file run05.cif (mmCIF, C-alpha atoms)
data_my_file
#
loop_
_atom_site.label_atom_id
_atom_site.label_comp_id
_atom_site.auth_asym_id
_atom_site.auth_seq_id
_atom_site.Cartn_x
_atom_site.Cartn_y
_atom_site.Cartn_z
CA MET A 10 -6.11 -20.74 7.27
CA GLU A 11 -7.41 -18.83 10.23
CA VAL A 12 -6.68 -15.58 8.42
CA SER A 13 -8.31 -16.75 5.22
CA ASN A 14 -11.46 -17.81 7.06
CA ARG A 15 -11.72 -14.41 8.59
CA ALA A 16 -11.53 -12.81 5.17
CA GLU A 17 -14.24 -14.92 3.61
CA GLY A 18 -17.08 -12.66 2.69
CA LEU A 19 -14.88 -9.60 2.86
CA LYS A 20 -16.18 -6.72 0.80
CA GLU A 21 -14.70 -3.25 0.50
CA THR A 22 -15.33 -0.32 -1.80
CA TYR A 23 -12.73 2.28 -2.75
CA ASP A 24 -13.44 5.66 -4.26
CA VAL A 25 -11.19 6.60 -7.15
CA ALA A 26 -10.96 10.28 -8.00
CA GLY A 27 -11.02 11.28 -11.67
CA ARG A 28 -7.92 12.99 -13.04
CA ASP A 29 -6.04 12.53 -9.78
CA PHE A 30 -2.78 11.03 -10.99
CA SER A 31 -1.10 11.62 -7.64
CA SER A 32 -3.09 8.99 -5.77
CA ALA A 33 -3.77 6.74 -8.75
CA GLY A 34 -2.94 3.16 -7.89
CA ALA A 35 -3.89 3.48 -4.21
CA ALA A 36 -6.96 1.25 -4.52
CA SER A 37 -4.98 -1.41 -6.39
CA SER A 38 -2.24 -1.31 -3.77
CA ARG A 39 -4.80 -1.78 -1.02
CA ILE A 40 -6.41 -4.70 -2.86
CA LYS A 41 -3.03 -6.35 -3.37
CA ARG A 42 -2.13 -5.95 0.33
CA ILE A 43 -5.39 -7.57 1.45
CA LEU A 44 -4.93 -10.50 -0.92
CA GLN A 45 -1.38 -10.98 0.32
CA GLN A 46 -2.53 -10.89 3.93
CA ILE A 47 -5.08 -13.64 3.39
CA GLY A 48 -2.58 -15.75 1.49
CA VAL A 49 -4.04 -15.81 -2.02
CA ASP A 50 -1.77 -17.52 -4.57
CA GLN A 51 0.95 -15.17 -5.93
CA GLY A 52 0.02 -15.80 -9.55
CA ILE A 53 -3.61 -14.91 -8.90
CA ILE A 54 -2.56 -11.80 -6.96
CA ARG A 55 -0.50 -10.70 -9.93
CA ARG A 56 -3.43 -11.10 -12.35
CA ILE A 57 -5.71 -9.20 -9.99
CA ALA A 58 -3.13 -6.45 -9.41
CA VAL A 59 -2.64 -5.95 -13.16
CA SER A 60 -6.39 -5.85 -13.78
CA SER A 61 -7.31 -3.62 -10.87
CA TYR A 62 -4.53 -1.21 -11.80
CA GLU A 63 -5.71 -1.00 -15.41
CA ALA A 64 -9.29 -0.48 -14.24
CA GLU A 65 -8.24 2.12 -11.71
CA MET A 66 -6.26 4.04 -14.34
CA ASN A 67 -9.26 3.92 -16.66
CA LEU A 68 -11.32 5.63 -13.95
CA VAL A 69 -8.59 8.24 -13.41
CA ILE A 70 -8.14 8.89 -17.12
CA HIS A 71 -11.65 8.60 -18.50
CA ALA A 72 -14.36 8.84 -15.85
CA SER A 73 -15.58 12.42 -15.53
CA ASN A 74 -16.24 12.14 -11.80
CA GLY A 75 -14.04 9.18 -11.00
CA GLY A 76 -15.67 5.99 -9.80
CA ARG A 77 -15.67 3.10 -7.39
CA ILE A 78 -13.87 -0.20 -7.16
CA THR A 79 -15.39 -2.93 -5.02
CA LEU A 80 -13.35 -5.91 -3.88
CA ASP A 81 -15.47 -8.92 -3.02
CA ILE A 82 -13.74 -12.01 -1.67
CA SER A 83 -15.56 -15.29 -1.33
CA PRO A 84 -14.00 -18.70 -0.68
CA ASP A 85 -14.17 -19.58 -4.38
CA ALA A 86 -13.41 -16.33 -6.14
CA VAL A 87 -12.26 -12.75 -5.98
CA THR A 88 -14.54 -10.32 -7.77
CA ILE A 89 -13.56 -6.81 -8.76
CA LEU A 90 -16.45 -4.53 -9.63
CA VAL A 91 -15.65 -1.19 -11.24
CA GLU A 92 -18.35 1.45 -11.65
CA ASP A 93 -18.45 5.02 -12.85
CA ASP A 94 -21.01 7.65 -13.79
CA GLY A 95 -19.81 8.47 -17.24
CA PRO A 96 -19.04 9.42 -19.89
CA GLY A 97 -19.66 5.80 -20.92
CA ILE A 98 -18.21 3.84 -23.82
CA THR A 99 -19.94 4.25 -27.16
CA ASP A 100 -18.49 1.18 -28.83
CA ILE A 101 -17.42 -1.58 -26.42
CA LYS A 102 -16.28 -3.87 -29.22
CA LYS A 103 -13.85 -1.21 -30.40
CA ALA A 104 -12.75 -0.47 -26.86
CA MET A 105 -11.83 -4.13 -26.39
CA GLN A 106 -9.56 -4.08 -29.46
CA PRO A 107 -5.85 -3.88 -28.64
CA GLY A 108 -4.52 -0.48 -29.64
CA TYR A 109 -7.84 1.35 -29.65
CA SER A 110 -7.92 4.32 -27.31
CA THR A 111 -9.70 7.63 -26.94
CA ALA A 112 -7.07 9.05 -24.57
CA SER A 113 -5.65 12.52 -25.17
CA ASP A 114 -2.08 13.21 -26.30
CA GLU A 115 -1.25 14.44 -22.82
CA ILE A 116 -2.30 11.09 -21.33
CA ARG A 117 -0.41 9.20 -24.03
CA GLU A 118 2.77 11.11 -23.29
CA MET A 119 2.61 9.67 -19.78
CA GLY A 120 2.63 6.20 -21.28
CA PHE A 121 -1.07 5.59 -20.74
CA GLY A 122 -3.82 5.32 -23.32
CA ALA A 123 -2.07 2.75 -25.48
CA GLY A 124 -5.30 0.83 -25.94
CA MET A 125 -4.06 -2.12 -23.96
CA GLY A 126 -6.01 -1.71 -20.73
CA LEU A 127 -9.15 -3.69 -21.48
CA PRO A 128 -7.27 -6.38 -23.46
CA ASN A 129 -4.91 -6.78 -20.48
CA MET A 130 -7.84 -7.15 -18.11
CA GLN A 131 -9.48 -9.65 -20.42
CA SER A 132 -6.39 -11.84 -20.56
CA CYS A 133 -5.92 -11.72 -16.77
CA ALA A 134 -9.48 -12.28 -15.56
CA ASP A 135 -11.27 -15.63 -15.64
CA GLU A 136 -14.48 -13.78 -16.44
CA LEU A 137 -14.99 -10.22 -17.63
CA GLU A 138 -18.30 -8.50 -18.19
CA ILE A 139 -18.62 -4.93 -19.31
CA SER A 140 -21.71 -2.85 -19.87
CA SER A 141 -21.89 0.81 -20.66
CA GLU A 142 -24.37 3.48 -21.53
CA PRO A 143 -23.08 6.73 -23.02
CA GLY A 144 -23.94 9.61 -20.74
CA VAL A 145 -24.80 7.28 -17.87
CA GLY A 146 -21.77 5.20 -16.98
CA THR A 147 -19.81 2.00 -17.25
CA THR A 148 -19.82 -1.15 -15.13
CA LEU A 149 -17.01 -3.66 -15.37
CA LYS A 150 -17.02 -6.92 -13.47
CA MET A 151 -14.00 -9.21 -13.31
CA VAL A 152 -13.94 -12.59 -11.60
CA PHE A 153 -10.78 -14.44 -10.58
CA MET A 154 -11.27 -18.03 -9.48
CA ASN A 155 -9.43 -18.86 -6.30
CA ARG A 156 -8.04 -22.25 -7.12
CA MET B 7 22.66 -10.43 -8.66
CA LYS B 8 22.16 -7.86 -5.94
CA LEU B 9 20.90 -4.37 -6.68
CA ARG B 10 24.21 -3.04 -5.33
CA GLN B 11 26.08 -4.68 -8.18
CA VAL B 12 23.83 -3.03 -10.76
CA VAL B 13 24.20 0.36 -9.09
CA ASN B 14 27.98 0.11 -8.92
CA GLU B 15 28.48 -1.23 -12.42
CA LEU B 16 26.30 1.44 -14.06
CA ASN B 17 27.23 4.17 -11.64
CA LEU B 18 23.57 4.88 -10.95
CA GLU B 19 22.43 7.66 -8.71
CA HIS B 20 20.25 6.15 -5.98
CA LEU B 21 17.34 8.50 -5.23
CA CYS B 22 15.52 6.43 -2.65
CA GLY B 23 14.21 3.13 -1.42
CA GLY B 24 15.42 -0.36 -0.89
CA ASP B 25 18.33 -2.12 0.70
CA LEU B 26 20.82 -2.46 -2.15
CA ASP B 27 22.60 -5.36 -0.52
CA SER B 28 19.52 -7.49 0.03
CA VAL B 29 17.34 -6.85 -3.04
CA GLU B 30 17.89 -9.48 -5.71
CA VAL B 31 17.66 -8.46 -9.36
CA THR B 32 16.42 -11.40 -11.43
CA GLY B 33 15.77 -9.77 -14.80
CA GLY B 34 15.03 -6.60 -16.67
CA TYR B 35 12.29 -4.92 -18.65
CA THR B 36 12.22 -1.76 -20.70
CA SER B 37 9.23 0.16 -22.02
CA ASP B 38 7.60 3.55 -21.64
CA LEU B 39 4.07 2.24 -22.08
CA MET B 40 2.51 1.66 -18.70
CA SER B 41 0.11 -1.04 -19.87
CA ASP B 42 2.96 -2.92 -21.49
CA VAL B 43 5.02 -2.81 -18.33
CA ILE B 44 2.18 -3.79 -16.01
CA ALA B 45 1.35 -6.74 -18.26
CA LYS B 46 4.87 -8.01 -18.87
CA ALA B 47 7.42 -6.90 -16.30
CA LYS B 48 8.03 -9.48 -13.60
CA LYS B 49 8.81 -9.54 -9.93
CA GLY B 50 12.53 -8.91 -9.40
CA ASP B 51 12.99 -6.98 -12.66
CA VAL B 52 14.72 -3.66 -12.96
CA TRP B 53 12.59 -1.43 -15.17
CA ILE B 54 14.40 0.97 -17.47
CA THR B 55 12.24 3.84 -18.65
CA ASN B 56 12.14 7.43 -19.77
CA GLN B 57 8.92 8.02 -17.87
CA LYS B 58 9.56 10.02 -14.74
CA HIS B 59 6.10 10.82 -13.40
CA LEU B 60 4.59 9.63 -10.16
CA ASN B 61 2.74 6.67 -11.64
CA ILE B 62 5.91 4.67 -12.25
CA VAL B 63 5.94 4.13 -8.48
CA ALA B 64 2.55 2.39 -8.31
CA VAL B 65 3.48 0.12 -11.22
CA ALA B 66 6.81 -0.84 -9.64
CA SER B 67 5.18 -1.43 -6.29
CA LEU B 68 2.30 -3.53 -7.63
CA LEU B 69 4.68 -5.77 -9.56
CA ASN B 70 7.30 -6.04 -6.79
CA LEU B 71 9.99 -4.83 -9.15
CA ALA B 72 13.56 -4.69 -7.86
CA GLY B 73 13.85 -1.07 -8.93
CA VAL B 74 13.22 1.59 -11.55
CA ILE B 75 16.01 3.21 -13.54
CA VAL B 76 14.98 6.49 -15.12
CA ALA B 77 17.41 6.81 -18.02
CA GLY B 78 18.53 9.52 -20.39
CA GLY B 79 19.41 12.09 -17.76
CA LEU B 80 15.75 12.62 -16.88
CA ARG B 81 14.91 13.26 -13.25
CA PRO B 82 11.74 12.37 -11.39
CA ASP B 83 10.33 15.31 -9.44
CA ASP B 84 10.15 15.51 -5.66
CA ALA B 85 6.57 14.22 -5.50
CA THR B 86 7.62 11.07 -7.32
CA ILE B 87 10.59 10.54 -5.02
CA GLU B 88 8.38 11.09 -1.96
CA LYS B 89 5.87 8.56 -3.26
CA ALA B 90 8.65 6.06 -3.92
CA LYS B 91 9.90 6.51 -0.35
CA GLU B 92 6.40 5.84 0.97
CA GLU B 93 6.04 2.69 -1.09
CA ASN B 94 9.64 1.64 -0.54
CA VAL B 95 10.30 1.54 -4.29
CA SER B 96 13.95 1.81 -5.29
CA LEU B 97 14.41 4.67 -7.72
CA PHE B 98 17.57 5.39 -9.70
CA VAL B 99 18.64 7.82 -12.38
CA SER B 100 21.25 7.44 -15.06
CA ASP B 101 22.65 9.96 -17.50
CA LEU B 102 23.11 7.15 -19.99
CA PRO B 103 20.48 6.71 -22.71
CA ALA B 104 18.04 3.84 -22.07
CA PHE B 105 19.63 1.80 -24.88
CA GLU B 106 23.01 1.98 -23.18
CA VAL B 107 21.61 1.09 -19.75
CA VAL B 108 19.82 -1.95 -21.15
CA GLY B 109 22.89 -3.03 -23.12
CA ARG B 110 25.12 -2.90 -20.08
CA LEU B 111 22.63 -4.84 -17.98
CA TYR B 112 22.42 -7.46 -20.71
CA ASN B 113 26.19 -7.72 -20.74
CA MET B 114 26.07 -8.29 -17.00
CA GLY B 115 23.94 -11.34 -17.67
CA LEU B 116 20.44 -10.00 -17.01
CA ARG B 117 17.69 -11.23 -19.31
CA THR B 118 13.94 -10.91 -19.70
CA ASN B 119 12.34 -12.62 -16.75
CA ALA B 120 10.23 -15.56 -17.85
CA GLY B 121 8.60 -16.21 -14.48
#

call {"tool": "encode", "arguments": {"input": "run05.cif", "output": "C-alpha cells"}}
result
Amino acid sequence: MEVSNRAEGLKETYDVAGRDFSSAGAASSRIKRILQQIGVDQGIIRRIAVSSYEAEMNLVIHASNGGRITLDISPDAVTILVEDDGPGITDIKKAMQPGYSTASDEIREMGFGAGMGLPNMQSCADELEISSEPGVGTTLKMVFMNR
Amino acid sequence: MKLRQVVNELNLEHLCGGDLDSVEVTGGYTSDLMSDVIAKAKKGDVWITNQKHLNIVAVASLLNLAGVIVAGGLRPDDATIEKAKEENVSLFVSDLPAFEVVGRLYNMGLRTNAG
C-alpha cells in the first residue's frame, strides 16, 4: 500500500525511436516493471503490456520520426498516451479493421504488420481514443481502469 | 513440467537464460505473427516459432513466457542472444521443424494455456 501511494500521480514519458527494432519494446518493459512494482493486478498488467507493446511497435514501424509514450498512473486508472508527428493515418476506420495494414513486406516478414495491432489494443483497453491528421501526426489514448 | 524436461526430451540446444530446473512450463503456443503471440500466448508457455529476430525477446519477456524455441534449424543472431541474456529470456533452438516440436510437446502433455 505504501508503495502504491507513492506511485499515485506518477507520470513518465518515454521516447521511442522510429525504425529502431533493436530497442523496440524497451518502453513497454519499463511500463510493465513500474506496474509490477506498485502491485497492479496481474491481469491488468497483461492488458497494458499487450497494448503498450502494440503501440510501441506501431511507432517503430510507422512513425517517421518515432514518437512518445506517456504513462500516467492515478489511483483509479492507468492511462497510456501515444503521440507521434506523422505520417498520420488517412482512414482510421480501416486501420481499426482486423487484418488491415499498410506495413511493408519487409516488416511483415518479421511477423509484424498483420493488421492486428489496433484491434488488440481495442480489446485490451477499457477506453481507446484515436485521432490522426495525415502529415501532422497521430494521438492514441488508452485507459485501463484500476479495479 | 520443468523446462529441463522439455529440453531433455526434445534435445534442444539451450542458447541462454533461465534456470531449467526451476522454470515451470504450463503450456505452449505457436505462431510467427507477433501480434497473435502477444495477444494469445500466456505466462508459462513455451513459444515455438520460426522468427529469430531480436523482437521475439521483448514479446517473451513482456508475457513472462517460460521460453522460446526457434525451430526448423534457424538460429537467432548474436544480438538476439545478447538481448535475451539481458532480459533473462530462455532461448532454445531445434533442428526439428516447428510442426514436429509442437507435436512432441503435445505428446508430453502440454496444451494451450487457458489462463

call {"tool": "resolve_selection", "arguments": {"input": "run05.cif", "expression": "the PyMOL selection byres ((chain A) within 7 of (chain B))", "output": "PyMOL selection string"}}
result
chain A and resi 31+34+38+58-59+119-121+125-126+129

call {"tool": "residues_around", "arguments": {"input": "run05.cif", "residues": "range 70-86 of chain A", "least_positions_apart": "3", "cutoff": "6 Å", "atoms": "all atoms listed in the file", "output": "PyMOL selection string"}}
result
chain A and resi 17-28+66-67+89-93+95+153-155

call {"tool": "write_last_selection", "arguments": {"input": "run05.cif", "atoms": "C-alpha atoms", "output": "PDB file, in the frame of the given file"}}
result
ATOM      1  CA  GLU A  17     -14.240 -14.920   3.610  1.00  0.00           C
ATOM      2  CA  GLY A  18     -17.080 -12.660   2.690  1.00  0.00           C
ATOM      3  CA  LEU A  19     -14.880  -9.600   2.860  1.00  0.00           C
ATOM      4  CA  LYS A  20     -16.180  -6.720   0.800  1.00  0.00           C
ATOM      5  CA  GLU A  21     -14.700  -3.250   0.500  1.00  0.00           C
ATOM      6  CA  THR A  22     -15.330  -0.320  -1.800  1.00  0.00           C
ATOM      7  CA  TYR A  23     -12.730   2.280  -2.750  1.00  0.00           C
ATOM      8  CA  ASP A  24     -13.440   5.660  -4.260  1.00  0.00           C
ATOM      9  CA  VAL A  25     -11.190   6.600  -7.150  1.00  0.00           C
ATOM     10  CA  ALA A  26     -10.960  10.280  -8.000  1.00  0.00           C
ATOM     11  CA  GLY A  27     -11.020  11.280 -11.670  1.00  0.00           C
ATOM     12  CA  ARG A  28      -7.920  12.990 -13.040  1.00  0.00           C
ATOM     13  CA  MET A  66      -6.260   4.040 -14.340  1.00  0.00           C
ATOM     14  CA  ASN A  67      -9.260   3.920 -16.660  1.00  0.00           C
ATOM     15  CA  ILE A  89     -13.560  -6.810  -8.760  1.00  0.00           C
ATOM     16  CA  LEU A  90     -16.450  -4.530  -9.630  1.00  0.00           C
ATOM     17  CA  VAL A  91     -15.650  -1.190 -11.240  1.00  0.00           C
ATOM     18  CA  GLU A  92     -18.350   1.450 -11.650  1.00  0.00           C
ATOM     19  CA  ASP A  93     -18.450   5.020 -12.850  1.00  0.00           C
ATOM     20  CA  GLY A  95     -19.810   8.470 -17.240  1.00  0.00           C
ATOM     21  CA  PHE A 153     -10.780 -14.440 -10.580  1.00  0.00           C
ATOM     22  CA  MET A 154     -11.270 -18.030  -9.480  1.00  0.00           C
ATOM     23  CA  ASN A 155      -9.430 -18.860  -6.300  1.00  0.00           C
TER      24      ASN A 155
END

call {"tool": "residues_around", "arguments": {"input": "run05.cif", "residues": "range 100-109 of chain B", "least_positions_apart": "4", "cutoff": "8 Å", "atoms": "all atoms listed in the file", "output": "count of residues only"}}
result
15

call {"tool": "resolve_selection", "arguments": {"input": "run05.cif", "expression": "the PyMOL selection byres ((chain A and resi 133-141) around 7)", "output": "PyMOL selection string"}}
result
chain A and resi 56+60+97-98+129-132+142-143+146-154

call {"tool": "atom_distance", "arguments": {"input": "run05.cif", "atom1": "CA of Met7 in chain B", "atom2": "CA of Tyr112 in chain B"}}
result
12.4 Å

call {"tool": "residues_around", "arguments": {"input": "run05.cif", "residues": "Leu26 in chain B", "least_positions_apart": "4", "cutoff": "8 Å", "atoms": "all atoms listed in the file", "output": "list of chain:residue names"}}
result
B:Lys8, B:Leu9, B:Arg10

call {"tool": "atom_distance", "arguments": {"input": "run05.cif", "atom1": "CA of Gly73 in chain B", "atom2": "CA of Gly23 in chain B"}}
result
8.6 Å

call {"tool": "atom_distance", "arguments": {"input": "run05.cif", "atom1": "CA of Leu127 in chain A", "atom2": "CA of Ile40 in chain A"}}
result
18.8 Å

call {"tool": "closest_residue", "arguments": {"input": "run05.cif", "among": "B:Val31, B:Ala66, B:Ala47, B:Met114", "to": "Asn94 in chain B", "atoms": "all atoms listed in the file"}}
result
B:Ala66

call {"tool": "axis_aligned_box", "arguments": {"input": "run05.cif", "around": "range 85-102 of chain B", "padding_each_side": "6 Å", "output": "JSON"}}
result
{"center_x": 14.5, "center_y": 7.9, "center_z": -9.5, "size_x": 29.2, "size_y": 24.7, "size_z": 33.0}

call {"tool": "closest_residue", "arguments": {"input": "run05.cif", "among": "A:Val87, A:Leu68, A:Pro128, A:Asp50", "to": "Ile101 in chain A", "atoms": "all atoms listed in the file"}}
result
A:Pro128

call {"tool": "build_atoms", "arguments": {"input": "run05.cif", "residues": "range 18-39 of chain A", "atoms": "N, CA and C atoms", "output": "compact mmCIF listing (two decimals), keeping the file's coordinate frame"}}
result
# COMPACT_ATOMS: atom_id res chain seq x y z
N GLY A 18 -15.95 -13.57 2.63
CA GLY A 18 -17.08 -12.66 2.69
C GLY A 18 -16.65 -11.21 2.80
N LEU A 19 -15.36 -10.97 2.75
CA LEU A 19 -14.88 -9.60 2.86
C LEU A 19 -15.28 -8.77 1.64
N LYS A 20 -15.77 -7.59 1.90
CA LYS A 20 -16.18 -6.72 0.80
C LYS A 20 -15.82 -5.28 1.16
N GLU A 21 -15.11 -4.63 0.25
CA GLU A 21 -14.70 -3.25 0.50
C GLU A 21 -14.84 -2.45 -0.78
N THR A 22 -15.22 -1.19 -0.63
CA THR A 22 -15.33 -0.32 -1.80
C THR A 22 -14.38 0.87 -1.67
N TYR A 23 -13.69 1.17 -2.74
CA TYR A 23 -12.73 2.28 -2.75
C TYR A 23 -13.18 3.33 -3.76
N ASP A 24 -13.15 4.57 -3.33
CA ASP A 24 -13.44 5.66 -4.26
C ASP A 24 -12.18 6.01 -5.03
N VAL A 25 -12.33 6.20 -6.32
CA VAL A 25 -11.19 6.60 -7.15
C VAL A 25 -11.52 7.95 -7.78
N ALA A 26 -10.69 8.94 -7.50
CA ALA A 26 -10.96 10.28 -8.00
C ALA A 26 -10.52 10.41 -9.46
N GLY A 27 -11.36 11.04 -10.27
CA GLY A 27 -11.02 11.28 -11.67
C GLY A 27 -9.89 12.29 -11.79
N ARG A 28 -9.00 12.05 -12.73
CA ARG A 28 -7.92 12.99 -13.04
C ARG A 28 -6.89 13.18 -11.92
N ASP A 29 -6.98 12.38 -10.89
CA ASP A 29 -6.04 12.53 -9.78
C ASP A 29 -4.90 11.53 -9.95
N PHE A 30 -3.89 11.95 -10.71
CA PHE A 30 -2.78 11.03 -10.99
C PHE A 30 -1.90 10.82 -9.76
N SER A 31 -2.00 11.74 -8.78
CA SER A 31 -1.10 11.62 -7.64
C SER A 31 -1.48 10.46 -6.72
N SER A 32 -2.77 10.14 -6.62
CA SER A 32 -3.09 8.99 -5.77
C SER A 32 -3.56 7.79 -6.58
N ALA A 33 -3.39 7.87 -7.90
CA ALA A 33 -3.77 6.74 -8.75
C ALA A 33 -2.95 5.51 -8.38
N GLY A 34 -3.62 4.40 -8.26
CA GLY A 34 -2.94 3.16 -7.89
C GLY A 34 -3.15 2.79 -6.43
N ALA A 35 -3.71 3.73 -5.65
CA ALA A 35 -3.89 3.48 -4.21
C ALA A 35 -4.88 2.34 -3.96
N ALA A 36 -5.97 2.32 -4.71
CA ALA A 36 -6.96 1.25 -4.52
C ALA A 36 -6.35 -0.11 -4.87
N SER A 37 -5.61 -0.15 -5.97
CA SER A 37 -4.98 -1.41 -6.39
C SER A 37 -3.97 -1.88 -5.36
N SER A 38 -3.22 -0.95 -4.80
CA SER A 38 -2.24 -1.31 -3.77
C SER A 38 -2.93 -1.91 -2.55
N ARG A 39 -4.04 -1.30 -2.18
CA ARG A 39 -4.80 -1.78 -1.02
C ARG A 39 -5.33 -3.20 -1.29
